[in-house]
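> Next up is a structure, given as structure tokens.
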Amino acid sequence: MLPHYFTVKEKGEHEIIIQKSRFITYVGRVETETAAQEFIQEIKKKHWDATHNCSAYLIGEQNQIQKANDDGEPSGTAGVPMLEVLKKRDLKDTVTVVTRYFGGIKLGAGGLIRAYGKSVSEALNTVGIVERKLMVIMHVKVDYSWLGKLENELRSSVYQLKEIHYSDLVDIETYVEEAQVENFSDWMTDLTNGQGIIESGENVYLETDV
């Protein structure tokens with residue numbers, strides 16, 4: 001698992017008009033090539049009457065899967081510029097489709113490259129990008145008398161509180177970067193005078209807006 005990476009925040013769309021042509025861009029997050037193809041087919045079905053439905057996606061920790069499709073536009077003028085925008089933004093597990101309704105004015109190769117690149121870039125700005133950081137969920141189990149102190153300390157610290165569970169003991173869950181686990185554990189031990197039960201939980205990705 002990567003320690004961190006960037007991807008789109010959610011599925012979304014954005015439309016621009018260039019020389020009377022409509023460019024409707026869709027972006028989404030996918031983790032498999034099958035999911036990417038399903039996303040593309042969904043847009044093609046929705047815009048079956050469009051002049052072009054060009055697409056690009058990259059998938060995998062090392063961008064092992066990369067595809068670009070011009071869908072009838074001159075070779076290299078649509079899918080590749082779209083893919084290049086995804087790569088320039090350092091995104092992973094991302095698919096994009098640009099639907100074009102021709103407006104009667106030819107853009108030329110350079111114009112098409114700029115139009116498709118701009119379409120994807122503006123769509124990403126609209127939908128948003130997130131950074132996904134790999135975190136360890138740390139559990140601190142203490143007697144109820146410690147809850148107020150620990151909660152206050154955590155909320156004013158660099159660590160992000162995830163959830164508090166109430167049972168025989170209070171279980172405070174906190175997101176901690178792997179490199180900070182030892183420091184966090186030592187800090188909690190000091191705060192609780194060694195009376196807390198500190199355990200490492202599962203690894204999960206925490207998303208923050210970029």
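In the structure tokens, chains take letters A, B, ... by order of appearance, with residues numbered from 1 within each chain and ligands from 1 in the order shown.
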Using only C-alpha atoms, which residues sit within 8 Å of Ser119 of chain A once same-chain residues fewer than 4 positions away are excluded, as a PyMOL selection string?
chain A and resi 14-16+23-25+98+115+123
> Residues of the last selection are to be written out with C-alpha atoms, as a PDB file, in the first residue's frame.

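This went into again_21.pdb:
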```pdb
ATOM      1  CA  HIS A  14     -18.088  19.949 -15.835  1.00  0.00           C
ATOM      2  CA  GLU A  15     -19.015  21.545 -19.155  1.00  0.00           C
ATOM      3  CA  ILE A  16     -17.320  24.212 -21.258  1.00  0.00           C
ATOM      4  CA  PHE A  23     -17.187  19.640 -24.129  1.00  0.00           C
ATOM      5  CA  ILE A  24     -18.756  17.765 -21.187  1.00  0.00           C
ATOM      6  CA  THR A  25     -16.153  16.167 -18.949  1.00  0.00           C
ATOM      7  CA  VAL A  98     -14.916  14.026 -22.477  1.00  0.00           C
ATOM      8  CA  ALA A 115      -9.526  21.846 -25.727  1.00  0.00           C
ATOM      9  CA  ALA A 123     -13.294  19.371 -14.407  1.00  0.00           C
TER      10      ALA A 123
END
```
> What's the 12 Å shell around Lys149 of chain A, counting only C-alpha atoms, without same-chain residues fewer than 4 positions away, as a PDB file with all heavy atoms, in the first residue's frame?

```
ATOM      1  N   VAL A 142      -9.021   3.411  28.213  1.00  0.00           N
ATOM      2  CA  VAL A 142      -8.773   3.959  29.548  1.00  0.00           C
ATOM      3  C   VAL A 142     -10.053   3.956  30.374  1.00  0.00           C
ATOM      4  O   VAL A 142     -11.156   3.798  29.854  1.00  0.00           O
ATOM      5  CB  VAL A 142      -8.246   5.414  29.463  1.00  0.00           C
ATOM      6  CG1 VAL A 142      -6.846   5.470  28.919  1.00  0.00           C
ATOM      7  CG2 VAL A 142      -9.194   6.285  28.634  1.00  0.00           C
ATOM      8  N   ASP A 143      -9.875   4.166  31.661  1.00  0.00           N
ATOM      9  CA  ASP A 143     -11.008   4.374  32.555  1.00  0.00           C
ATOM     10  C   ASP A 143     -11.692   5.702  32.196  1.00  0.00           C
ATOM     11  O   ASP A 143     -11.059   6.626  31.695  1.00  0.00           O
ATOM     12  CB  ASP A 143     -10.476   4.428  33.999  1.00  0.00           C
ATOM     13  CG  ASP A 143     -11.600   4.562  35.003  1.00  0.00           C
ATOM     14  OD1 ASP A 143     -12.193   3.531  35.380  1.00  0.00           O
ATOM     15  OD2 ASP A 143     -11.893   5.708  35.380  1.00  0.00           O
ATOM     16  N   TYR A 144     -12.970   5.787  32.460  1.00  0.00           N
ATOM     17  CA  TYR A 144     -13.743   6.983  32.097  1.00  0.00           C
ATOM     18  C   TYR A 144     -13.162   8.272  32.685  1.00  0.00           C
ATOM     19  O   TYR A 144     -13.350   9.355  32.122  1.00  0.00           O
ATOM     20  CB  TYR A 144     -15.211   6.819  32.543  1.00  0.00           C
ATOM     21  CG  TYR A 144     -16.047   6.040  31.552  1.00  0.00           C
ATOM     22  CD1 TYR A 144     -15.881   4.665  31.411  1.00  0.00           C
ATOM     23  CD2 TYR A 144     -16.999   6.666  30.769  1.00  0.00           C
ATOM     24  CE1 TYR A 144     -16.628   3.934  30.513  1.00  0.00           C
ATOM     25  CE2 TYR A 144     -17.770   5.953  29.856  1.00  0.00           C
ATOM     26  CZ  TYR A 144     -17.578   4.587  29.733  1.00  0.00           C
ATOM     27  OH  TYR A 144     -18.325   3.867  28.826  1.00  0.00           O
ATOM     28  N   SER A 145     -12.472   8.172  33.793  1.00  0.00           N
ATOM     29  CA  SER A 145     -11.926   9.369  34.445  1.00  0.00           C
ATOM     30  C   SER A 145     -10.864  10.069  33.604  1.00  0.00           C
ATOM     31  O   SER A 145     -10.567  11.248  33.818  1.00  0.00           O
ATOM     32  CB  SER A 145     -11.338   8.996  35.811  1.00  0.00           C
ATOM     33  OG  SER A 145     -10.290   8.047  35.658  1.00  0.00           O
ATOM     34  N   GLU A 153      -6.608  16.856  24.906  1.00  0.00           N
ATOM     35  CA  GLU A 153      -5.236  16.806  24.409  1.00  0.00           C
ATOM     36  C   GLU A 153      -5.194  16.416  22.924  1.00  0.00           C
ATOM     37  O   GLU A 153      -4.456  17.007  22.136  1.00  0.00           O
ATOM     38  CB  GLU A 153      -4.404  15.817  25.233  1.00  0.00           C
ATOM     39  CG  GLU A 153      -4.126  16.262  26.651  1.00  0.00           C
ATOM     40  CD  GLU A 153      -3.040  17.323  26.730  1.00  0.00           C
ATOM     41  OE1 GLU A 153      -2.380  17.594  25.712  1.00  0.00           O
ATOM     42  OE2 GLU A 153      -2.857  17.877  27.839  1.00  0.00           O
ATOM     43  N   LEU A 154      -6.002  15.428  22.566  1.00  0.00           N
ATOM     44  CA  LEU A 154      -6.014  14.966  21.171  1.00  0.00           C
ATOM     45  C   LEU A 154      -6.555  16.026  20.225  1.00  0.00           C
ATOM     46  O   LEU A 154      -6.026  16.239  19.135  1.00  0.00           O
ATOM     47  CB  LEU A 154      -6.832  13.677  21.051  1.00  0.00           C
ATOM     48  CG  LEU A 154      -6.127  12.399  21.502  1.00  0.00           C
ATOM     49  CD1 LEU A 154      -7.128  11.254  21.615  1.00  0.00           C
ATOM     50  CD2 LEU A 154      -5.005  12.032  20.536  1.00  0.00           C
ATOM     51  N   ARG A 155      -7.626  16.693  20.640  1.00  0.00           N
ATOM     52  CA  ARG A 155      -8.254  17.686  19.762  1.00  0.00           C
ATOM     53  C   ARG A 155      -7.354  18.903  19.526  1.00  0.00           C
ATOM     54  O   ARG A 155      -7.532  19.627  18.548  1.00  0.00           O
ATOM     55  CB  ARG A 155      -9.620  18.112  20.312  1.00  0.00           C
ATOM     56  CG  ARG A 155     -10.658  16.990  20.246  1.00  0.00           C
ATOM     57  CD  ARG A 155     -12.078  17.473  20.454  1.00  0.00           C
ATOM     58  NE  ARG A 155     -13.031  16.373  20.524  1.00  0.00           N
ATOM     59  CZ  ARG A 155     -13.511  15.704  19.475  1.00  0.00           C
ATOM     60  NH1 ARG A 155     -13.102  16.026  18.256  1.00  0.00           N
ATOM     61  NH2 ARG A 155     -14.387  14.723  19.638  1.00  0.00           N
ATOM     62  N   SER A 156      -6.407  19.137  20.409  1.00  0.00           N
ATOM     63  CA  SER A 156      -5.484  20.266  20.221  1.00  0.00           C
ATOM     64  C   SER A 156      -4.118  19.813  19.704  1.00  0.00           C
ATOM     65  O   SER A 156      -3.168  20.584  19.671  1.00  0.00           O
ATOM     66  CB  SER A 156      -5.313  21.036  21.535  1.00  0.00           C
ATOM     67  OG  SER A 156      -4.793  20.194  22.547  1.00  0.00           O
ATOM     68  N   ILE A 172     -10.619   5.094  22.671  1.00  0.00           N
ATOM     69  CA  ILE A 172     -10.430   6.281  21.838  1.00  0.00           C
ATOM     70  C   ILE A 172      -9.617   5.884  20.606  1.00  0.00           C
ATOM     71  O   ILE A 172      -8.474   5.438  20.719  1.00  0.00           O
ATOM     72  CB  ILE A 172      -9.691   7.389  22.615  1.00  0.00           C
ATOM     73  CG1 ILE A 172     -10.458   7.721  23.897  1.00  0.00           C
ATOM     74  CG2 ILE A 172      -9.540   8.632  21.750  1.00  0.00           C
ATOM     75  CD1 ILE A 172      -9.702   8.642  24.834  1.00  0.00           C
ATOM     76  N   MET A 188       0.819   8.938  24.838  1.00  0.00           N
ATOM     77  CA  MET A 188      -0.367   8.448  25.538  1.00  0.00           C
ATOM     78  C   MET A 188       0.002   7.778  26.866  1.00  0.00           C
ATOM     79  O   MET A 188      -0.709   7.902  27.866  1.00  0.00           O
ATOM     80  CB  MET A 188      -1.131   7.460  24.649  1.00  0.00           C
ATOM     81  CG  MET A 188      -1.950   8.096  23.544  1.00  0.00           C
ATOM     82  SD  MET A 188      -3.357   9.040  24.183  1.00  0.00           S
ATOM     83  CE  MET A 188      -2.940  10.685  23.622  1.00  0.00           C
ATOM     84  N   LEU A 191       0.624  10.604  29.274  1.00  0.00           N
ATOM     85  CA  LEU A 191      -0.602  11.300  29.659  1.00  0.00           C
ATOM     86  C   LEU A 191      -1.450  10.492  30.644  1.00  0.00           C
ATOM     87  O   LEU A 191      -2.130  11.047  31.499  1.00  0.00           O
ATOM     88  CB  LEU A 191      -1.440  11.624  28.413  1.00  0.00           C
ATOM     89  CG  LEU A 191      -0.981  12.789  27.544  1.00  0.00           C
ATOM     90  CD1 LEU A 191      -1.884  12.912  26.314  1.00  0.00           C
ATOM     91  CD2 LEU A 191      -1.000  14.106  28.321  1.00  0.00           C
ATOM     92  N   THR A 192      -1.402   9.171  30.499  1.00  0.00           N
ATOM     93  CA  THR A 192      -2.244   8.317  31.350  1.00  0.00           C
ATOM     94  C   THR A 192      -1.466   7.708  32.513  1.00  0.00           C
ATOM     95  O   THR A 192      -1.987   6.817  33.211  1.00  0.00           O
ATOM     96  CB  THR A 192      -2.865   7.170  30.518  1.00  0.00           C
ATOM     97  OG1 THR A 192      -1.807   6.351  29.974  1.00  0.00           O
ATOM     98  CG2 THR A 192      -3.707   7.703  29.371  1.00  0.00           C
TER      99      THR A 192
END
```
> Using only C-alpha atoms, which residues sit within 8 Å of segment 107-111 of chain A once same-chain residues fewer than 2 positions away are excluded, as a VMD selection string?
chain A and resid 19 74 77 105 113 to 115
> Could you jot down the atom CA of His4 of chain A to atom CA of His139 of chain A separation for me, Å, one decimal place?
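Straight-line distance from atom CA of His4 of chain A to atom CA of His139 of chain A works out to 21.9 Å.
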> Please provide as a tab-separated table (two decimals) with all heavy atoms, in the first residue's frame all residues within 9 Å of Ser121 of chain A, with the sequence filter that same-chain residues fewer than 3 positions apart are discarded (counting only C-alpha atoms).

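To be explicit, this is the file written out as part-v5.tsv:
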```
chain	number	residue	atom	x	y	z
A	82	MET	N	-5.73	14.16	-22.53
A	82	MET	CA	-6.53	13.93	-21.32
A	82	MET	C	-5.72	13.15	-20.29
A	82	MET	O	-5.68	13.49	-19.10
A	82	MET	CB	-7.81	13.19	-21.67
A	82	MET	CG	-8.80	14.00	-22.50
A	82	MET	SD	-10.06	12.97	-23.30
A	82	MET	CE	-10.86	12.23	-21.87
A	85	VAL	N	-2.99	15.17	-18.54
A	85	VAL	CA	-3.46	16.04	-17.45
A	85	VAL	C	-3.53	15.23	-16.15
A	85	VAL	O	-3.11	15.69	-15.10
A	85	VAL	CB	-4.83	16.66	-17.77
A	85	VAL	CG1	-5.40	17.37	-16.54
A	85	VAL	CG2	-4.71	17.64	-18.93
A	86	LEU	N	-4.06	14.00	-16.24
A	86	LEU	CA	-4.14	13.13	-15.04
A	86	LEU	C	-2.75	12.88	-14.48
A	86	LEU	O	-2.53	12.91	-13.26
A	86	LEU	CB	-4.82	11.81	-15.39
A	86	LEU	CG	-6.25	11.86	-15.94
A	86	LEU	CD1	-6.78	10.44	-16.12
A	86	LEU	CD2	-7.17	12.66	-15.03
A	89	ARG	N	-1.15	15.97	-12.84
A	89	ARG	CA	-1.71	16.22	-11.51
A	89	ARG	C	-1.30	15.12	-10.52
A	89	ARG	O	-1.71	15.15	-9.36
A	89	ARG	CB	-3.24	16.28	-11.59
A	89	ARG	CG	-3.80	17.44	-12.40
A	89	ARG	CD	-3.64	18.77	-11.70
A	89	ARG	NE	-4.34	19.83	-12.40
A	89	ARG	CZ	-5.55	20.28	-12.08
A	89	ARG	NH1	-6.20	19.79	-11.04
A	89	ARG	NH2	-6.10	21.25	-12.79
A	116	TYR	N	-9.24	19.49	-25.20
A	116	TYR	CA	-9.45	18.29	-24.37
A	116	TYR	C	-8.66	18.38	-23.06
A	116	TYR	O	-9.13	17.97	-22.00
A	116	TYR	CB	-9.10	17.03	-25.15
A	116	TYR	CG	-10.21	16.61	-26.09
A	116	TYR	CD1	-10.18	16.93	-27.44
A	116	TYR	CD2	-11.31	15.91	-25.61
A	116	TYR	CE1	-11.22	16.56	-28.30
A	116	TYR	CE2	-12.35	15.54	-26.44
A	116	TYR	CZ	-12.30	15.87	-27.79
A	116	TYR	OH	-13.34	15.51	-28.61
A	117	GLY	N	-7.45	18.94	-23.14
A	117	GLY	CA	-6.66	19.12	-21.93
A	117	GLY	C	-7.32	20.09	-20.97
A	117	GLY	O	-7.41	19.84	-19.76
A	118	LYS	N	-7.82	21.20	-21.51
A	118	LYS	CA	-8.48	22.21	-20.68
A	118	LYS	C	-9.76	21.65	-20.05
A	118	LYS	O	-10.06	21.93	-18.89
A	118	LYS	CB	-8.81	23.43	-21.54
A	118	LYS	CG	-9.50	24.55	-20.77
A	118	LYS	CD	-9.81	25.74	-21.68
A	118	LYS	CE	-10.48	26.87	-20.90
A	118	LYS	NZ	-10.82	28.02	-21.77
A	124	LEU	N	-11.36	18.70	-13.10
A	124	LEU	CA	-10.67	18.30	-11.86
A	124	LEU	C	-10.72	19.42	-10.83
A	124	LEU	O	-10.91	19.17	-9.64
A	124	LEU	CB	-9.21	17.94	-12.18
A	124	LEU	CG	-8.99	16.68	-13.01
A	124	LEU	CD1	-7.52	16.54	-13.38
A	124	LEU	CD2	-9.47	15.44	-12.27
A	125	ASN	N	-10.58	20.67	-11.30
A	125	ASN	CA	-10.66	21.80	-10.38
A	125	ASN	C	-12.06	21.90	-9.76
A	125	ASN	O	-12.21	22.25	-8.59
A	125	ASN	CB	-10.34	23.11	-11.11
A	125	ASN	CG	-8.89	23.20	-11.53
A	125	ASN	OD1	-8.03	22.50	-10.99
A	125	ASN	ND2	-8.59	24.06	-12.49
A	126	THR	N	-13.07	21.59	-10.56
A	126	THR	CA	-14.47	21.68	-10.10
A	126	THR	C	-14.81	20.56	-9.13
A	126	THR	O	-15.40	20.79	-8.07
A	126	THR	CB	-15.43	21.64	-11.30
A	126	THR	OG1	-15.15	22.75	-12.15
A	126	THR	CG2	-16.88	21.73	-10.84
```
> Distance atom CA of Tyr205 of chain A-atom CA of Glu177 of chain A, one decimal place?
10.1 Å
> If you run DSSP on this backbone, which residues of segment 78-155 of chain A come out as strand (DSSP E or B), and could you give them as a PyMOL selection string?
chain A and resi 91+94-101+129-142
